[in-house]
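**Student:** Contents of input.cif (mmCIF, C-alpha atoms and all ligand atoms) are given next:
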data_protein
#
loop_
_atom_site.label_atom_id
_atom_site.label_comp_id
_atom_site.auth_asym_id
_atom_site.auth_seq_id
_atom_site.Cartn_x
_atom_site.Cartn_y
_atom_site.Cartn_z
CA MET A 1 140.76 8.52 -26.83
CA ASP A 2 138.12 7.49 -24.29
CA LEU A 3 135.52 5.22 -25.82
CA THR A 4 133.28 5.60 -22.81
CA TRP A 5 133.46 8.08 -19.95
CA VAL A 6 131.38 9.75 -17.26
CA GLU A 7 131.08 13.51 -16.87
CA VAL A 8 130.11 14.79 -13.43
CA SER A 9 128.87 18.32 -13.05
CA ARG A 10 130.66 20.02 -10.18
CA SER A 11 128.07 22.80 -10.12
CA ALA A 12 125.24 20.24 -9.82
CA LEU A 13 126.95 18.57 -6.82
CA GLU A 14 127.40 21.98 -5.23
CA HIS A 15 123.82 23.00 -5.99
CA ASN A 16 122.39 19.79 -4.49
CA LEU A 17 124.44 20.14 -1.34
CA LYS A 18 123.22 23.70 -0.93
CA GLN A 19 119.63 22.46 -1.18
CA PHE A 20 120.30 20.26 1.85
CA ARG A 21 122.09 23.07 3.68
CA ALA A 22 118.89 25.08 3.31
CA MET A 23 116.66 22.15 4.39
CA ALA A 24 118.81 21.10 7.35
CA PRO A 25 120.48 24.32 8.51
CA ARG A 26 121.31 23.04 12.00
CA SER A 27 122.78 19.69 11.01
CA LEU A 28 126.25 18.75 9.87
CA LEU A 29 126.13 17.76 6.19
CA ALA A 30 127.81 14.45 5.47
CA PRO A 31 127.54 13.40 1.81
CA VAL A 32 127.85 9.64 1.35
CA VAL A 33 130.62 8.86 -1.14
CA LYS A 34 130.66 5.09 -0.79
CA ALA A 35 130.40 2.85 -3.87
CA ASN A 36 132.65 5.13 -5.92
CA ALA A 37 130.47 8.09 -4.93
CA TYR A 38 127.38 6.29 -6.23
CA GLY A 39 129.31 5.77 -9.46
CA HIS A 40 130.34 9.43 -9.82
CA GLY A 41 134.01 8.87 -8.96
CA LEU A 42 135.10 8.76 -5.31
CA LEU A 43 137.89 11.28 -5.00
CA GLN A 44 136.75 14.00 -7.39
CA SER A 45 133.18 13.90 -6.06
CA ALA A 46 134.44 14.03 -2.48
CA ILE A 47 136.66 17.03 -3.29
CA ALA A 48 133.74 18.75 -5.02
CA PHE A 49 131.51 18.18 -1.97
CA VAL A 50 134.16 19.46 0.43
CA GLU A 51 134.71 22.55 -1.72
CA ALA A 52 130.94 23.03 -1.72
CA GLY A 53 130.91 23.04 2.10
CA ALA A 54 130.41 19.42 3.22
CA ASP A 55 131.24 19.06 6.92
CA TRP A 56 131.99 15.34 6.94
CA LEU A 57 132.16 12.53 4.37
CA CYS A 58 130.63 9.09 4.82
CA VAL A 59 132.19 5.96 3.33
CA ASN A 60 131.40 2.29 3.71
CA ALA A 61 134.86 0.76 3.87
CA ILE A 62 138.34 1.55 5.05
CA TYR A 63 139.84 1.39 1.53
CA GLU A 64 137.55 4.27 0.58
CA ALA A 65 138.71 6.26 3.60
CA GLN A 66 142.32 5.55 2.63
CA ALA A 67 141.72 6.79 -0.93
CA LEU A 68 140.27 10.04 0.42
CA ARG A 69 143.18 10.63 2.79
CA ASP A 70 145.69 9.70 0.04
CA GLY A 71 143.91 12.25 -2.13
CA GLY A 72 144.67 14.94 0.45
CA LEU A 73 141.30 15.29 2.17
CA GLY A 74 141.55 16.12 5.85
CA VAL A 75 137.82 16.44 6.67
CA PRO A 76 136.17 14.12 9.21
CA ILE A 77 135.45 10.75 7.60
CA TYR A 78 132.75 8.51 9.01
CA VAL A 79 133.03 4.79 8.19
CA LEU A 80 129.54 3.27 8.05
CA GLY A 81 130.45 -0.33 7.25
CA TYR A 82 132.38 -3.07 9.03
CA VAL A 83 136.09 -2.68 9.68
CA ALA A 84 138.06 -5.85 10.45
CA ASN A 85 139.73 -5.94 13.86
CA GLU A 86 143.16 -6.23 12.23
CA ASP A 87 142.53 -2.96 10.34
CA MET A 88 141.92 -0.81 13.43
CA ASP A 89 145.51 0.50 13.41
CA LEU A 90 144.97 1.76 9.88
CA LEU A 91 141.69 3.34 10.95
CA CYS A 92 143.57 5.23 13.70
CA THR A 93 146.26 6.34 11.24
CA LEU A 94 143.57 7.61 8.91
CA GLY A 95 141.79 9.28 11.84
CA CYS A 96 138.24 8.20 10.94
CA ARG A 97 135.09 7.85 12.98
CA LEU A 98 133.62 4.35 13.07
CA VAL A 99 130.13 3.02 13.56
CA VAL A 100 130.26 0.20 16.14
CA TYR A 101 127.86 -2.50 17.26
CA ASN A 102 129.98 -5.12 18.93
CA SER A 103 132.43 -5.26 21.81
CA GLU A 104 135.19 -6.93 19.74
CA SER A 105 135.44 -3.94 17.40
CA VAL A 106 135.50 -1.53 20.33
CA ARG A 107 138.21 -3.49 22.16
CA SER A 108 140.36 -3.79 19.01
CA LEU A 109 139.97 -0.09 18.26
CA SER A 110 140.81 0.83 21.86
CA ALA A 111 143.99 -1.28 21.76
CA ALA A 112 145.05 0.24 18.41
CA ALA A 113 144.33 3.78 19.63
CA VAL A 114 146.39 3.23 22.80
CA ARG A 115 149.29 1.90 20.67
CA GLN A 116 149.11 5.08 18.59
CA GLY A 117 148.52 7.45 21.52
CA THR A 118 145.21 8.73 20.17
CA VAL A 119 141.52 8.78 21.06
CA MET A 120 139.05 7.55 18.44
CA PRO A 121 135.44 8.77 18.24
CA VAL A 122 132.82 6.08 17.70
CA HIS A 123 129.10 6.00 16.93
CA ILE A 124 126.89 3.23 18.27
CA LYS A 125 124.53 1.87 15.64
CA LEU A 126 121.04 1.51 17.07
CA GLU A 127 118.73 -1.25 15.91
CA THR A 128 115.42 0.48 15.34
CA GLY A 129 113.77 -1.91 12.88
CA ASN A 130 116.00 -2.48 9.87
CA ASN A 131 117.66 -5.57 11.32
CA ARG A 132 120.83 -4.88 9.44
CA GLN A 133 123.53 -3.43 11.72
CA GLY A 134 122.76 -2.29 15.23
CA LEU A 135 121.95 -2.82 18.91
CA LYS A 136 118.74 -2.47 20.88
CA ALA A 137 118.61 0.26 23.54
CA ALA A 138 119.73 -1.89 26.50
CA GLU A 139 122.59 -3.42 24.50
CA ALA A 140 123.61 0.03 23.30
CA VAL A 141 123.85 1.25 26.92
CA GLU A 142 126.02 -1.76 27.73
CA LEU A 143 128.34 -1.03 24.78
CA ALA A 144 128.48 2.65 25.74
CA ARG A 145 129.58 1.61 29.26
CA LEU A 146 132.33 -0.52 27.75
CA ILE A 147 133.45 2.44 25.60
CA ARG A 148 133.51 4.66 28.69
CA SER A 149 135.62 2.12 30.56
CA LEU A 150 138.25 1.72 27.83
CA PRO A 151 141.12 4.07 26.94
CA GLY A 152 141.50 5.37 23.40
CA VAL A 153 137.80 5.40 22.46
CA GLU A 154 135.03 7.89 23.11
CA LEU A 155 131.34 7.83 22.33
CA GLU A 156 130.69 10.64 19.89
CA GLY A 157 127.27 9.76 18.55
CA VAL A 158 124.56 7.29 17.72
CA SER A 159 123.25 6.30 14.36
CA SER A 160 120.41 4.35 12.80
CA HIS A 161 119.02 3.71 9.32
CA TYR A 162 115.46 3.70 8.00
CA ALA A 163 114.09 0.46 6.58
CA ASP A 164 111.00 1.76 4.85
CA ILE A 165 111.08 5.42 4.05
CA GLU A 166 111.68 5.48 0.28
CA ASP A 167 109.38 2.65 -0.74
CA THR A 168 106.13 4.00 0.58
CA THR A 169 104.06 7.08 1.25
CA ASP A 170 102.95 5.49 4.55
CA HIS A 171 105.60 6.43 7.06
CA SER A 172 104.15 4.74 10.11
CA TYR A 173 106.99 2.20 10.24
CA ALA A 174 109.55 4.98 9.96
CA GLN A 175 107.74 6.79 12.82
CA HIS A 176 108.02 3.61 14.86
CA GLN A 177 111.77 3.51 14.13
CA LEU A 178 112.08 7.14 15.16
CA SER A 179 110.38 6.40 18.52
CA ARG A 180 112.84 3.58 19.15
CA PHE A 181 115.70 5.92 18.30
CA HIS A 182 114.44 8.46 20.83
CA GLU A 183 114.04 5.73 23.48
CA ALA A 184 117.63 4.58 22.94
CA CYS A 185 118.95 8.16 23.11
CA GLU A 186 117.02 8.68 26.36
CA ALA A 187 118.35 5.42 27.81
CA LEU A 188 121.91 6.55 27.05
CA ALA A 189 121.25 10.00 28.54
CA SER A 190 119.76 8.46 31.72
CA ALA A 191 122.89 6.34 32.04
CA GLY A 192 124.93 9.55 31.93
CA MET A 193 126.18 9.11 28.34
CA PRO A 194 124.10 11.39 26.10
CA PRO A 195 125.20 11.04 22.48
CA ARG A 196 126.36 14.33 20.97
CA VAL A 197 126.14 13.61 17.25
CA ARG A 198 122.83 11.83 16.60
CA ASN A 199 122.47 10.80 12.97
CA PHE A 200 119.54 8.99 11.39
CA SER A 201 118.60 10.75 8.14
CA ASN A 202 119.36 9.59 4.67
CA SER A 203 118.21 11.67 1.67
CA ALA A 204 114.52 10.76 1.92
CA ALA A 205 114.31 11.37 5.67
CA ALA A 206 116.17 14.67 5.43
CA ILE A 207 113.77 15.84 2.72
CA LEU A 208 110.58 14.64 4.38
CA TRP A 209 111.07 15.13 8.12
CA SER A 210 113.04 17.92 9.70
CA GLU A 211 112.51 16.23 13.11
CA THR A 212 114.77 13.37 12.07
CA GLN A 213 117.68 15.51 10.84
CA PHE A 214 119.21 15.70 14.35
CA ASP A 215 122.89 16.70 14.46
CA LEU A 216 124.15 15.23 11.19
CA VAL A 217 122.50 14.06 7.95
CA ARG A 218 123.99 11.35 5.74
CA ILE A 219 122.97 12.33 2.24
CA GLY A 220 123.60 9.87 -0.56
CA ILE A 221 121.47 9.65 -3.70
CA SER A 222 120.09 13.19 -3.61
CA ALA A 223 123.50 14.79 -3.23
CA TYR A 224 124.03 13.47 -6.76
CA GLY A 225 120.77 15.05 -7.89
CA MET A 226 118.45 12.05 -7.91
CA TRP A 227 115.25 11.54 -5.93
CA PRO A 228 115.38 8.44 -3.71
CA SER A 229 112.12 7.23 -5.28
CA LYS A 230 108.82 8.35 -6.78
CA GLU A 231 107.21 7.72 -3.40
CA THR A 232 109.58 10.21 -1.76
CA PHE A 233 108.63 12.84 -4.32
CA VAL A 234 104.91 12.15 -3.84
CA SER A 235 105.33 12.17 -0.05
CA ALA A 236 107.03 15.56 -0.23
CA VAL A 237 104.01 16.86 -2.13
CA ILE A 238 101.52 15.26 0.28
CA LEU A 239 103.38 16.60 3.31
CA GLY A 240 103.61 20.05 1.70
CA ARG A 241 107.39 20.12 1.99
CA ASP A 242 109.45 22.63 0.08
CA LYS A 243 110.77 20.17 -2.47
CA PRO A 244 114.48 20.53 -3.19
CA GLN A 245 115.32 21.33 -6.80
CA LEU A 246 117.71 18.47 -7.48
CA ARG A 247 120.08 18.53 -10.44
CA PRO A 248 121.41 15.17 -11.69
CA ALA A 249 125.19 15.45 -11.84
CA MET A 250 126.01 12.51 -14.11
CA THR A 251 126.25 12.21 -17.88
CA TRP A 252 127.53 8.87 -19.21
CA LYS A 253 128.84 8.96 -22.75
CA THR A 254 130.32 6.72 -25.41
CA ARG A 255 131.18 6.94 -29.12
CA VAL A 256 129.87 5.32 -32.27
CA ALA A 257 132.16 2.47 -33.39
CA GLN A 258 130.41 1.49 -36.63
CA VAL A 259 127.42 2.55 -38.73
CA LYS A 260 125.70 0.11 -41.10
CA ASP A 261 122.47 -0.18 -43.08
CA ILE A 262 120.63 -3.47 -42.81
CA GLU A 263 117.77 -4.91 -44.81
CA PRO A 264 114.18 -5.49 -43.61
CA GLY A 265 113.81 -8.91 -41.98
CA GLU A 266 117.40 -9.04 -40.63
CA PHE A 267 118.06 -10.13 -37.05
CA VAL A 268 120.12 -8.09 -34.60
CA GLY A 269 122.36 -9.59 -31.92
CA TYR A 270 122.46 -12.72 -29.77
CA GLY A 271 119.36 -14.83 -29.61
CA ARG A 272 117.95 -12.99 -32.65
CA SER A 273 115.69 -11.12 -30.24
CA PHE A 274 115.12 -8.19 -32.64
CA ARG A 275 114.18 -8.32 -36.33
CA THR A 276 113.98 -5.29 -38.58
CA THR A 277 110.74 -4.48 -40.39
CA HIS A 278 112.29 -1.88 -42.68
CA THR A 279 115.72 -0.79 -43.84
CA THR A 280 117.50 0.25 -40.68
CA ARG A 281 120.63 2.24 -39.96
CA LEU A 282 122.35 0.70 -36.96
CA ALA A 283 125.17 2.10 -34.88
CA VAL A 284 127.37 -0.23 -32.87
CA LEU A 285 128.48 1.28 -29.54
CA PRO A 286 131.49 0.00 -27.59
CA VAL A 287 129.67 -0.42 -24.26
CA GLY A 288 128.04 -3.50 -22.78
CA TYR A 289 127.04 -5.14 -19.54
CA TYR A 290 130.69 -5.40 -18.47
CA ASP A 291 130.71 -1.60 -18.42
CA GLY A 292 127.54 -1.50 -16.33
CA TYR A 293 124.99 -1.12 -19.13
CA ASP A 294 122.55 -3.68 -17.76
CA ARG A 295 121.64 -6.62 -19.98
CA ALA A 296 118.04 -6.12 -18.86
CA LEU A 297 118.04 -2.97 -21.04
CA SER A 298 118.06 -5.17 -24.17
CA ASN A 299 115.38 -4.03 -26.66
CA LEU A 300 114.00 -1.58 -24.07
CA ALA A 301 116.28 1.39 -23.50
CA HIS A 302 117.32 4.15 -25.80
CA VAL A 303 120.41 6.33 -26.08
CA LEU A 304 120.82 9.83 -27.51
CA VAL A 305 122.73 10.37 -30.76
CA ASN A 306 123.04 13.92 -32.05
CA GLY A 307 120.26 14.82 -29.62
CA HIS A 308 117.92 12.19 -31.14
CA ILE A 309 116.46 9.12 -29.49
CA ALA A 310 118.11 5.90 -30.75
CA PRO A 311 116.47 2.70 -29.43
CA VAL A 312 118.60 -0.25 -28.30
CA ARG A 313 118.06 -3.15 -30.72
CA GLY A 314 118.74 -6.75 -29.76
CA ARG A 315 120.49 -7.97 -26.65
CA VAL A 316 123.04 -5.95 -24.74
CA CYS A 317 126.35 -7.80 -25.25
CA MET A 318 129.30 -7.95 -22.86
CA ASN A 319 131.14 -5.08 -24.58
CA MET A 320 128.75 -3.73 -27.25
CA ILE A 321 125.23 -2.59 -27.96
CA MET A 322 123.46 -1.88 -31.22
CA VAL A 323 121.13 1.10 -31.55
CA ASP A 324 118.79 2.25 -34.30
CA VAL A 325 120.03 5.58 -35.64
CA SER A 326 117.69 5.68 -38.67
CA ASP A 327 116.13 8.89 -37.32
CA ALA A 328 119.25 10.39 -35.80
CA GLY A 329 120.57 12.38 -38.75
CA ASP A 330 124.04 12.02 -40.20
CA VAL A 331 125.76 9.63 -37.80
CA LYS A 332 129.47 8.89 -38.21
CA PRO A 333 131.98 6.68 -36.41
CA GLU A 334 133.34 8.35 -33.26
CA ASP A 335 130.32 10.64 -32.87
CA PRO A 336 129.56 11.06 -29.14
CA VAL A 337 126.52 9.27 -27.71
CA VAL A 338 124.72 9.90 -24.42
CA LEU A 339 123.81 6.73 -22.54
CA LEU A 340 122.59 8.56 -19.42
CA GLY A 341 121.99 12.28 -19.20
CA SER A 342 120.70 14.90 -21.56
CA ASP A 343 121.56 15.99 -25.08
CA GLY A 344 119.69 19.00 -26.42
CA ARG A 345 116.02 18.62 -25.57
CA GLU A 346 116.20 14.87 -24.95
CA CYS A 347 117.15 13.14 -21.74
CA VAL A 348 117.74 9.59 -20.47
CA THR A 349 117.44 9.51 -16.69
CA ALA A 350 118.77 6.97 -14.22
CA GLU A 351 115.13 6.48 -13.21
CA GLN A 352 114.14 5.55 -16.78
CA LEU A 353 117.02 3.10 -17.06
CA ALA A 354 116.09 1.68 -13.65
CA GLY A 355 112.47 1.28 -14.71
CA TRP A 356 113.47 -0.60 -17.88
CA ALA A 357 116.00 -2.75 -16.02
CA GLY A 358 113.67 -3.51 -13.09
CA THR A 359 115.92 -1.91 -10.50
CA ILE A 360 116.51 1.41 -8.74
CA ASN A 361 118.43 4.52 -9.81
CA TYR A 362 121.02 3.77 -7.08
CA GLU A 363 122.02 0.56 -8.85
CA ILE A 364 122.16 2.13 -12.32
CA THR A 365 124.81 4.68 -11.38
CA THR A 366 126.80 2.64 -8.85
CA ARG A 367 127.26 -0.24 -11.28
CA ILE A 368 128.97 1.80 -13.96
CA CYS A 369 132.33 0.06 -14.13
CA GLU A 370 135.01 1.73 -11.99
CA ARG A 371 137.51 1.39 -14.84
CA ILE A 372 135.57 3.98 -16.85
CA PRO A 373 137.11 7.45 -16.37
CA ARG A 374 135.13 10.10 -14.50
CA TYR A 375 135.69 13.78 -15.30
CA LEU A 376 134.47 16.73 -13.28
CA VAL A 377 133.03 19.32 -15.64
CA ASP A 378 131.83 22.95 -15.17
C1 LIG B 401 123.95 3.86 6.66
C2 LIG B 401 123.58 4.69 5.48
N1 LIG B 401 123.35 6.00 5.66
C3 LIG B 401 123.01 6.81 4.63
C4 LIG B 401 122.88 6.31 3.35
C5 LIG B 401 122.46 7.24 2.23
O1 LIG B 401 121.19 6.90 1.76
P1 LIG B 401 120.54 7.69 0.53
O2 LIG B 401 121.41 7.38 -0.63
O3 LIG B 401 119.18 7.09 0.40
O4 LIG B 401 120.55 9.11 0.89
C6 LIG B 401 123.09 4.95 3.11
C7 LIG B 401 122.93 4.41 1.77
O5 LIG B 401 122.84 3.27 1.48
C8 LIG B 401 123.46 4.11 4.21
O6 LIG B 401 123.67 2.82 4.05
#
In structure tokens, write the structure found in this file.
Ligand SMILES: Cc1ncc(COP(=O)(O)O)c(C=O)c1O
**Tutor:**
Amino acid sequence: MDLTWVEVSRSALEHNLKQFRAMAPRSLLAPVVKANAYGHGLLQSAIAFVEAGADWLCVNAIYEAQALRDGGLGVPIYVLGYVANEDMDLLCTLGCRLVVYNSESVRSLSAAAVRQGTVMPVHIKLETGNNRQGLKAAEAVELARLIRSLPGVELEGVSSHYADIEDTTDHSYAQHQLSRFHEACEALASAGMPPRVRNFSNSAAAILWSETQFDLVRIGISAYGMWPSKETFVSAVILGRDKPQLRPAMTWKTRVAQVKDIEPGEFVGYGRSFRTTHTTRLAVLPVGYYDGYDRALSNLAHVLVNGHIAPVRGRVCMNMIMVDVSDAGDVKPEDPVVLLGSDGRECVTAEQLAGWAGTINYEITTRICERIPRYLVD
């Protein structure tokens, strides 16, 4: 019996993707399934997206691409992270697009593609202001010339990534990045190498600015039904955008392992950080920070038991938490518990957990331990 598991709603994934199809009707839709599909389970989420009409899939690393191909997916896969030069043969075998920003990668890929008698599409990453991956316009033109001169590689597109679009309602920096992107595209076109598949948008950009959707949108967090941030939601209102109706796809569950009544004045857990003020019925749950239930949630979060709120008492342990089920009705060992998601009229969102833990919804879902089974439901 699973003691903790994640349920992922197939219909929610499909619904969210359709929201983006409606918002970006002229762009290829490329859900981002890196980081175990933002914690939702790589292969089953990817299959659900493809069945829902995704055109491409984005991953970070080659092992993720391999898992998708091993799982039988033949759709275009776009690798957004670094691939080691010695892994370029595998990349060719898997037939994936790669984002490139240095000549060594391009030369290694060209050599591997020639060995395998194939031609590999690449996307130059443009540095527009994030100072993560990428090349400035003049350097991008130089790399594009190298690509043109080498066998086995062809320039398919250009890519960039916003630095400050989710964290603010002031999008002047993002506008500045967009201007740099246009300048680089024009420089490539003037050099006779116009990029065909321009891609810049993440979820927030795709929601807020149709002018940045270009030829392909890389949708991560919102494909799983979460808003990138409060600021994105507020910006959509300020800009008068048709806000997508996003449906969170994830429910994270566990089961009660023990129920006990403890006296007033008793301490709960390590460090004695919680003390009861009245007789309290506690449930012990077999989930802790090893499983991805952040220790910062100690004494702050709540879970749902029988559709009732049950506050976390004491510190989150490595493999267990204790919750107050005094007001949760008749609770028995092995009763299911919702850690994230809804139960009846109550709900615990990734945003609430992120707020309590001092992080972002992205981190809450991606850090749920990969060992925990994921099941596609409905
Ligand atoms: C290069 C790149 N594109 C797209 C995304 C998707 O972003 P979001 O989850 O905000 O939609 C990410 C996420 O980290 C990314 O790194």
**Student:** For atom CA of A:Leu143 and atom CA of A:Val106, determine how far apart the two atoms are, in Å to one decimal place.
**Tutor:** 8.4 Å
**Student:** Which residues are near ligand LIG 401 (chain B) - at most 6 Å, using all atoms listed in the file? Format: as a CSV table (one decimal) with C-alpha atoms, in the frame of the given file.
**Tutor:**
chain,number,residue,atom,x,y,z
A,32,VAL,CA,127.8,9.6,1.4
A,80,LEU,CA,129.5,3.3,8.0
A,161,HIS,CA,119.0,3.7,9.3
A,202,ASN,CA,119.4,9.6,4.7
A,203,SER,CA,118.2,11.7,1.7
A,218,ARG,CA,124.0,11.4,5.7
A,219,ILE,CA,123.0,12.3,2.2
A,220,GLY,CA,123.6,9.9,-0.6
A,221,ILE,CA,121.5,9.6,-3.7
A,228,PRO,CA,115.4,8.4,-3.7
**Student:** So, counting all atoms listed in the file, which residue among A:Ala112, A:Ala144, A:Val337, A:Leu188 is closest to A:Ala283?
**Tutor:**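 Among the listed residues, the smallest separation from A:Ala283 belongs to A:Val337.
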**Student:** Which value, in Å to one decimal, gives the distance between atom CA of A:Gln133 and atom CA of A:Asn102?
**Tutor:**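 Computing it gives 9.8 Å between the two atoms.
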**Student:** Can you list, as a PDB file with C-alpha atoms, keeping the file's coordinate frame, every protein, DNA or RNA residue that comes within 12 Å of A:Glu156 when you count all atoms listed in the file, leaving out same-chain residues fewer than 6 positions away?
**Tutor:**
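Written output follows (out30.pdb):
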ATOM      1  CA  TYR A  78     132.750   8.510   9.010  1.00  0.00           C
ATOM      2  CA  CYS A  96     138.240   8.200  10.940  1.00  0.00           C
ATOM      3  CA  ARG A  97     135.090   7.850  12.980  1.00  0.00           C
ATOM      4  CA  LEU A  98     133.620   4.350  13.070  1.00  0.00           C
ATOM      5  CA  VAL A  99     130.130   3.020  13.560  1.00  0.00           C
ATOM      6  CA  VAL A 100     130.260   0.200  16.140  1.00  0.00           C
ATOM      7  CA  VAL A 119     141.520   8.780  21.060  1.00  0.00           C
ATOM      8  CA  MET A 120     139.050   7.550  18.440  1.00  0.00           C
ATOM      9  CA  PRO A 121     135.440   8.770  18.240  1.00  0.00           C
ATOM     10  CA  VAL A 122     132.820   6.080  17.700  1.00  0.00           C
ATOM     11  CA  HIS A 123     129.100   6.000  16.930  1.00  0.00           C
ATOM     12  CA  ILE A 124     126.890   3.230  18.270  1.00  0.00           C
ATOM     13  CA  LYS A 125     124.530   1.870  15.640  1.00  0.00           C
ATOM     14  CA  ALA A 144     128.480   2.650  25.740  1.00  0.00           C
ATOM     15  CA  ILE A 147     133.450   2.440  25.600  1.00  0.00           C
ATOM     16  CA  ARG A 148     133.510   4.660  28.690  1.00  0.00           C
ATOM     17  CA  MET A 193     126.180   9.110  28.340  1.00  0.00           C
ATOM     18  CA  PRO A 194     124.100  11.390  26.100  1.00  0.00           C
ATOM     19  CA  PRO A 195     125.200  11.040  22.480  1.00  0.00           C
ATOM     20  CA  ARG A 196     126.360  14.330  20.970  1.00  0.00           C
ATOM     21  CA  VAL A 197     126.140  13.610  17.250  1.00  0.00           C
ATOM     22  CA  ARG A 198     122.830  11.830  16.600  1.00  0.00           C
ATOM     23  CA  ASN A 199     122.470  10.800  12.970  1.00  0.00           C
ATOM     24  CA  ASP A 215     122.890  16.700  14.460  1.00  0.00           C
ATOM     25  CA  LEU A 216     124.150  15.230  11.190  1.00  0.00           C
TER      26      LEU A 216
END
**Student:** Compile the contact shell of A:Ala163 as a list in words: residues with an atom at most 8 Å away, counting all atoms listed in the file, same-chain residues fewer than 6 positions apart removed.
**Tutor:**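 Those residues are Gly129, Asn130 and Ala174 of chain A.
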**Student:** Measuring atom to atom with all atoms listed in the file, identify which of A:Arg315, A:Leu3, A:Gln213, A:Ala223 is nearest to A:Leu285.
**Tutor:**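 Looking only at the distances to A:Leu285, the closest residue turns out to be A:Leu3.
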**Student:** In the coordinates of the file, take the point (127.1, -2.6, -26.5) and a cut-off of 8 Å; then, counting all atoms listed in the file, name each qualifying protein, DNA or RNA residue as a list in words.
**Tutor:**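 Nearby residues: Val284, Leu285, Pro286, Val287, Gly288, Tyr289, Tyr293, Val316, Cys317, Met318, Asn319, Met320, Ile321 and Met322 of chain A.
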**Student:** Please tell me which residues are no farther than 9 Å from (117.5, 3.0, -33.1) in the file, counting only C-alpha atoms, and write them as a PDB file with C-alpha atoms, in the frame of the given file.
**Tutor:**
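That gives us result-v4.pdb:
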ATOM      1  CA  THR A 280     117.500   0.250 -40.680  1.00  0.00           C
ATOM      2  CA  ARG A 281     120.630   2.240 -39.960  1.00  0.00           C
ATOM      3  CA  LEU A 282     122.350   0.700 -36.960  1.00  0.00           C
ATOM      4  CA  ALA A 283     125.170   2.100 -34.880  1.00  0.00           C
ATOM      5  CA  HIS A 302     117.320   4.150 -25.800  1.00  0.00           C
ATOM      6  CA  VAL A 303     120.410   6.330 -26.080  1.00  0.00           C
ATOM      7  CA  ILE A 309     116.460   9.120 -29.490  1.00  0.00           C
ATOM      8  CA  ALA A 310     118.110   5.900 -30.750  1.00  0.00           C
ATOM      9  CA  PRO A 311     116.470   2.700 -29.430  1.00  0.00           C
ATOM     10  CA  VAL A 312     118.600  -0.250 -28.300  1.00  0.00           C
ATOM     11  CA  ARG A 313     118.060  -3.150 -30.720  1.00  0.00           C
ATOM     12  CA  MET A 322     123.460  -1.880 -31.220  1.00  0.00           C
ATOM     13  CA  VAL A 323     121.130   1.100 -31.550  1.00  0.00           C
ATOM     14  CA  ASP A 324     118.790   2.250 -34.300  1.00  0.00           C
ATOM     15  CA  VAL A 325     120.030   5.580 -35.640  1.00  0.00           C
ATOM     16  CA  SER A 326     117.690   5.680 -38.670  1.00  0.00           C
ATOM     17  CA  ASP A 327     116.130   8.890 -37.320  1.00  0.00           C
ATOM     18  CA  ALA A 328     119.250  10.390 -35.800  1.00  0.00           C
TER      19      ALA A 328
END
**Student:** Nearest to A:Glu266: which of A:Pro333, A:Gly314, A:Gly71, A:Gly355 is it, counting all atoms listed in the file?
**Tutor:**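 The shortest atom-to-atom distance to A:Glu266 comes from A:Gly314.
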**Student:** Kindly indicate which residue among A:Ala140, A:Met1, A:Met23, A:Leu90 lies nearest to A:Pro244, using only C-alpha atoms for the distances.
**Tutor:**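 Answer, going by the shortest atom-to-atom distance: A:Met23.
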